[in-house]
Amino acid sequence: MSAFSEGAPCWADASLPDLEAGRRFYGELLGWTFQDTGEELGHYTMALRDGKNAAALMGKMDPSMPTAWSVYLATDDIAKTTAKVRENGGQVVFGPDTVGDVGVMGGAVDPGGSFFGLWQPGAHPGFGIVNAPGGFCWAENHTRDAASADPFYEAVFGYRGQQVGDGSTFDYKVWTVPGAPEPVAGRMQRGDLPADAPSAYRVYFVVEDCDAAAGTVRRLGGQVHQEPQDSPFGRMAAVADDQGAAFAIIDVTRRVGPPPGA
């Protein structure tokens, strides 16, 4: 049985054209060290912070693949979950694929167009560090079609949403899943996405100082798409690495104002 509740984000990896460049960028930005799993697994490279599994990097197997971060949602029965994905208007794009004794993985696209992974754990349970510097903190689905995406996740994973904002000028939900005491993910309606930008998940990693980390992103050749700003959850910025993979950084110790619903 997974250490993560059904439907909760449990892992993240980045698909990059230059794996070595990714190691240099994230090693300096997030303090990661790396462990290559070997040729048999396509040199899938585990990223560790303080010896704990934080995420992974992999080289693109196909140049047409997007340069992007992916989030994986936990499942105890991936065959059952992939069936639910299909039954509720999603697409299964690969899997279920058994990865040795490590686990079983799959990939899917929700009805709003966002890709997500599925992970049924074996020897690899998922994140070993969360909510701490260098670790995963949050994932949110930036979608053009919340009206299709919301009922999909409710049906497949039992998500329960709490609306944040008025639902018109700012349409955001935080999601909880059965068995999890705190929200596990978010959903933002994004009518402002450029025509060539797909609906996609945004992955957040914790940093000790958001402003300093944003400066490091620039120095390493990445981009800051949204400057650091305060929020009830921490000071955060939207960035991309030097190969174009988008993600977010957040200092969770610097919080301004009460969280929604408090």
# chains A, B, ... in the order shown; residues from 1 in each chain; ligands from 1
$ select_by_dssp --residues "range 1-195 of chain A" --states "helix (DSSP H, G or I)" --output "JSON, numbers by chain"
{"A": [19, 20, 21, 22, 23, 24, 25, 26, 27, 28, 29, 30, 39, 40, 41, 78, 79, 80, 81, 82, 83, 84, 85, 86, 87, 146, 147, 148, 149, 150, 151, 152, 153, 154, 155, 156, 157]}
$ residues_around --residues "range 91-93 of chain A" --least-positions-apart "3" --cutoff "6 Å" --atoms "only C-alpha atoms" --output "PyMOL selection string"
chain A and resi 86+107-109
$ write_last_selection --atoms "C-alpha atoms" --output "compact mmCIF listing (two decimals), in the first residue's frame"
# COMPACT_ATOMS: atom_id res chain seq x y z
CA ARG A 86 -10.81 5.99 -19.75
CA GLY A 107 0.78 8.25 -18.12
CA ALA A 108 -2.54 9.91 -18.85
CA VAL A 109 -4.11 13.14 -20.08
$ select_by_dssp --residues "range 43-190 of chain A" --states "strand (DSSP E)" --output "number ranges by chain"
A: 45-49, 52-59, 68-74, 91-99, 103-109, 115-121, 136-143, 160-164, 172-176, 185-189
$ closest_atom_pairs --of "range 96-144 of chain A" --to "range 193-206 of chain A" --cutoff "10 Å" --atoms "only C-alpha atoms" --output "Markdown table"
| residue | atom | partner | partner_atom | distance |
| --- | --- | --- | --- | --- |
| A:Val109 | CA | A:Ala200 | CA | 9.5 |
| A:Asp110 | CA | A:Ser199 | CA | 9.6 |
| A:Gly112 | CA | A:Ser199 | CA | 7.0 |
| A:Gly113 | CA | A:Ser199 | CA | 5.5 |
| A:Ser114 | CA | A:Ala200 | CA | 4.5 |
| A:Phe115 | CA | A:Ala200 | CA | 6.2 |
| A:Phe116 | CA | A:Tyr201 | CA | 7.5 |
| A:Val130 | CA | A:Val206 | CA | 8.2 |
| A:Asn131 | CA | A:Val206 | CA | 6.4 |
| A:Ala132 | CA | A:Val206 | CA | 5.9 |
| A:Pro133 | CA | A:Val206 | CA | 4.7 |
| A:Gly134 | CA | A:Val206 | CA | 5.5 |
| A:Gly135 | CA | A:Phe205 | CA | 5.5 |
| A:Phe136 | CA | A:Phe205 | CA | 4.6 |
| A:Cys137 | CA | A:Phe205 | CA | 5.5 |
| A:Trp138 | CA | A:Tyr204 | CA | 5.1 |
| A:Ala139 | CA | A:Val203 | CA | 4.6 |
| A:Glu140 | CA | A:Arg202 | CA | 5.4 |
| A:Asn141 | CA | A:Tyr201 | CA | 4.3 |
| A:His142 | CA | A:Ala200 | CA | 5.4 |
| A:Thr143 | CA | A:Ser199 | CA | 4.6 |
| A:Arg144 | CA | A:Ser199 | CA | 6.1 |
$ write_last_selection --atoms "N, CA and C atoms" --output "compact mmCIF listing (two decimals), in the first residue's frame"
# COMPACT_ATOMS: atom_id res chain seq x y z
N VAL A 109 -3.75 11.74 -19.83
CA VAL A 109 -4.11 13.14 -20.08
C VAL A 109 -5.56 13.32 -19.66
N ASP A 110 -5.81 14.33 -18.83
CA ASP A 110 -7.18 14.57 -18.37
C ASP A 110 -8.00 15.25 -19.47
N GLY A 112 -9.15 18.08 -19.73
CA GLY A 112 -8.75 19.46 -19.96
C GLY A 112 -7.43 19.58 -20.70
N GLY A 113 -6.75 18.46 -20.95
CA GLY A 113 -5.52 18.47 -21.73
C GLY A 113 -4.24 18.39 -20.94
N SER A 114 -4.29 18.24 -19.62
CA SER A 114 -3.08 18.19 -18.80
C SER A 114 -2.59 16.76 -18.65
N PHE A 115 -1.29 16.56 -18.91
CA PHE A 115 -0.67 15.26 -18.70
C PHE A 115 -0.38 15.06 -17.21
N PHE A 116 -0.54 13.83 -16.74
CA PHE A 116 -0.09 13.45 -15.40
C PHE A 116 0.35 12.00 -15.43
N VAL A 130 9.75 16.29 1.50
CA VAL A 130 8.72 17.24 1.06
C VAL A 130 8.68 18.39 2.05
N ASN A 131 8.23 19.54 1.55
CA ASN A 131 8.03 20.73 2.39
C ASN A 131 9.29 21.18 3.12
N ALA A 132 10.43 20.90 2.54
CA ALA A 132 11.73 21.30 3.10
C ALA A 132 12.62 21.71 1.94
N PRO A 133 13.63 22.56 2.19
CA PRO A 133 14.48 23.03 1.10
C PRO A 133 15.00 21.90 0.21
N GLY A 134 14.80 22.09 -1.10
CA GLY A 134 15.18 21.09 -2.07
C GLY A 134 14.13 20.03 -2.32
N GLY A 135 13.03 20.07 -1.57
CA GLY A 135 11.98 19.06 -1.69
C GLY A 135 10.73 19.58 -2.38
N PHE A 136 9.92 18.65 -2.85
CA PHE A 136 8.62 18.96 -3.43
C PHE A 136 7.71 19.58 -2.39
N CYS A 137 6.84 20.49 -2.85
CA CYS A 137 5.91 21.13 -1.93
C CYS A 137 4.47 21.07 -2.42
N TRP A 138 4.24 21.27 -3.70
CA TRP A 138 2.87 21.48 -4.19
C TRP A 138 2.82 21.20 -5.67
N ALA A 139 1.65 20.85 -6.17
CA ALA A 139 1.41 20.72 -7.60
C ALA A 139 0.04 21.31 -7.90
N GLU A 140 -0.05 21.99 -9.02
CA GLU A 140 -1.35 22.52 -9.41
C GLU A 140 -1.53 22.39 -10.91
N ASN A 141 -2.75 22.10 -11.28
CA ASN A 141 -3.13 21.87 -12.66
C ASN A 141 -3.58 23.18 -13.28
N HIS A 142 -2.78 23.72 -14.20
CA HIS A 142 -3.14 24.93 -14.93
C HIS A 142 -3.86 24.49 -16.20
N THR A 143 -5.17 24.64 -16.21
CA THR A 143 -5.98 24.07 -17.27
C THR A 143 -6.83 25.13 -17.96
N ARG A 144 -7.04 24.94 -19.25
CA ARG A 144 -7.96 25.80 -20.00
C ARG A 144 -9.42 25.40 -19.76
$ closest_atom_pairs --of "range 122-207 of chain A" --to "range 48-53 of chain A" --cutoff "7 Å" --atoms "only C-alpha atoms" --output "JSON lines"
{"residue": "A:Phe127", "atom": "CA", "partner": "A:Asn53", "partner_atom": "CA", "distance": 5.6}
{"residue": "A:Gly128", "atom": "CA", "partner": "A:Asn53", "partner_atom": "CA", "distance": 4.7}
{"residue": "A:Ile129", "atom": "CA", "partner": "A:Lys52", "partner_atom": "CA", "distance": 6.0}
{"residue": "A:Gly134", "atom": "CA", "partner": "A:Arg49", "partner_atom": "CA", "distance": 6.0}
$ write_last_selection --atoms "N, CA, C and O atoms" --output "PDB file, in the first residue's frame"
ATOM      1  N   PHE A 127       8.348  10.450  -3.071  1.00  0.00           N
ATOM      2  CA  PHE A 127       9.160  11.482  -2.440  1.00  0.00           C
ATOM      3  C   PHE A 127       9.659  11.036  -1.070  1.00  0.00           C
ATOM      4  O   PHE A 127       8.900  10.544  -0.240  1.00  0.00           O
ATOM      5  N   GLY A 128      10.961  11.276  -0.838  1.00  0.00           N
ATOM      6  CA  GLY A 128      11.521  11.033   0.482  1.00  0.00           C
ATOM      7  C   GLY A 128      11.687  12.306   1.274  1.00  0.00           C
ATOM      8  O   GLY A 128      11.954  12.272   2.478  1.00  0.00           O
ATOM      9  N   ILE A 129      11.524  13.463   0.598  1.00  0.00           N
ATOM     10  CA  ILE A 129      11.609  14.760   1.254  1.00  0.00           C
ATOM     11  C   ILE A 129      10.547  15.674   0.650  1.00  0.00           C
ATOM     12  O   ILE A 129      10.421  15.777  -0.571  1.00  0.00           O
ATOM     13  N   GLY A 134      14.797  22.092  -1.099  1.00  0.00           N
ATOM     14  CA  GLY A 134      15.181  21.085  -2.069  1.00  0.00           C
ATOM     15  C   GLY A 134      14.130  20.032  -2.322  1.00  0.00           C
ATOM     16  O   GLY A 134      14.294  19.187  -3.197  1.00  0.00           O
TER      17      GLY A 134
END
$ closest_residue --among "A:Gly106, A:Arg187, A:Met58, A:Pro66" --to "Ala79 in chain A" --atoms "only C-alpha atoms"
A:Gly106
$ closest_residue --among "A:Gly89, A:Gly59, A:Gly38, A:Pro125" --to "Trp11 in chain A" --atoms "only C-alpha atoms"
A:Pro125
$ residues_around --residues "Met61 in chain A" --least-positions-apart "6" --cutoff "10 Å" --atoms "only C-alpha atoms" --output "VMD selection string"
chain A and resid 15 to 17 42
$ closest_residue --among "A:Ala185, A:Ala83, A:Ile78, A:Leu30" --to "Pro96 in chain A" --atoms "only C-alpha atoms"
A:Ile78
$ residues_around --residues "range 235-250 of chain A" --least-positions-apart "5" --cutoff "8 Å" --atoms "only C-alpha atoms" --output "VMD selection string"
chain A and resid 14 16 to 18 22 25 67 to 69 202 to 207 209 to 210 213 to 214 217 220 to 230 255
$ closest_residue --among "A:Gln163, A:Trp119, A:Asp62, A:Glu182" --to "Thr82 in chain A" --atoms "only C-alpha atoms"
A:Trp119
$ atom_distance --atom1 "CA of Val177 in chain A" --atom2 "CA of Tyr159 in chain A"
4.9 Å
$ closest_residue --among "A:Gly158, A:Pro178, A:Pro121, A:Pro151" --to "Gly90 in chain A" --atoms "only C-alpha atoms"
A:Pro151
$ atom_distance --atom1 "CA of Ser5 in chain A" --atom2 "CA of Pro181 in chain A"
9.9 Å
$ decode --residues "range 13-51 of chain A" --atoms "C-alpha atoms" --output "PDB file, in the first residue's frame"
ATOM      1  CA  ASP A  13      10.471  14.070 -12.906  1.00  0.00           C
ATOM      2  CA  ALA A  14      11.754  16.287 -15.695  1.00  0.00           C
ATOM      3  CA  SER A  15      12.291  15.233 -19.301  1.00  0.00           C
ATOM      4  CA  LEU A  16      15.255  17.201 -20.680  1.00  0.00           C
ATOM      5  CA  PRO A  17      17.227  17.285 -23.943  1.00  0.00           C
ATOM      6  CA  ASP A  18      20.527  17.585 -22.026  1.00  0.00           C
ATOM      7  CA  LEU A  19      20.653  15.501 -18.861  1.00  0.00           C
ATOM      8  CA  GLU A  20      24.099  16.728 -17.788  1.00  0.00           C
ATOM      9  CA  ALA A  21      23.013  20.363 -18.114  1.00  0.00           C
ATOM     10  CA  GLY A  22      19.999  19.527 -15.948  1.00  0.00           C
ATOM     11  CA  ARG A  23      22.252  18.064 -13.281  1.00  0.00           C
ATOM     12  CA  ARG A  24      24.342  21.240 -13.228  1.00  0.00           C
ATOM     13  CA  PHE A  25      21.298  23.554 -13.069  1.00  0.00           C
ATOM     14  CA  TYR A  26      19.300  21.760 -10.386  1.00  0.00           C
ATOM     15  CA  GLY A  27      22.346  20.721  -8.433  1.00  0.00           C
ATOM     16  CA  GLU A  28      23.248  24.341  -7.857  1.00  0.00           C
ATOM     17  CA  LEU A  29      19.712  25.714  -7.523  1.00  0.00           C
ATOM     18  CA  LEU A  30      18.213  23.077  -5.217  1.00  0.00           C
ATOM     19  CA  GLY A  31      21.283  21.471  -3.648  1.00  0.00           C
ATOM     20  CA  TRP A  32      20.588  18.136  -5.299  1.00  0.00           C
ATOM     21  CA  THR A  33      23.027  15.308  -5.742  1.00  0.00           C
ATOM     22  CA  PHE A  34      22.366  12.618  -8.324  1.00  0.00           C
ATOM     23  CA  GLN A  35      22.293   8.861  -8.729  1.00  0.00           C
ATOM     24  CA  ASP A  36      22.162   7.334 -12.208  1.00  0.00           C
ATOM     25  CA  THR A  37      20.018   4.178 -12.205  1.00  0.00           C
ATOM     26  CA  GLY A  38      21.951   2.782 -15.166  1.00  0.00           C
ATOM     27  CA  GLU A  39      21.585   1.950 -18.823  1.00  0.00           C
ATOM     28  CA  GLU A  40      18.851  -0.637 -18.264  1.00  0.00           C
ATOM     29  CA  LEU A  41      16.529   2.112 -16.996  1.00  0.00           C
ATOM     30  CA  GLY A  42      17.603   4.652 -19.614  1.00  0.00           C
ATOM     31  CA  HIS A  43      19.940   6.476 -17.201  1.00  0.00           C
ATOM     32  CA  TYR A  44      16.923   7.719 -15.253  1.00  0.00           C
ATOM     33  CA  THR A  45      18.659   9.902 -12.690  1.00  0.00           C
ATOM     34  CA  MET A  46      17.449  10.191  -9.115  1.00  0.00           C
ATOM     35  CA  ALA A  47      17.856  13.609  -7.520  1.00  0.00           C
ATOM     36  CA  LEU A  48      18.581  13.562  -3.785  1.00  0.00           C
ATOM     37  CA  ARG A  49      18.624  16.244  -1.130  1.00  0.00           C
ATOM     38  CA  ASP A  50      20.367  15.295   2.103  1.00  0.00           C
ATOM     39  CA  GLY A  51      20.376  11.696   0.871  1.00  0.00           C
TER      40      GLY A  51
END
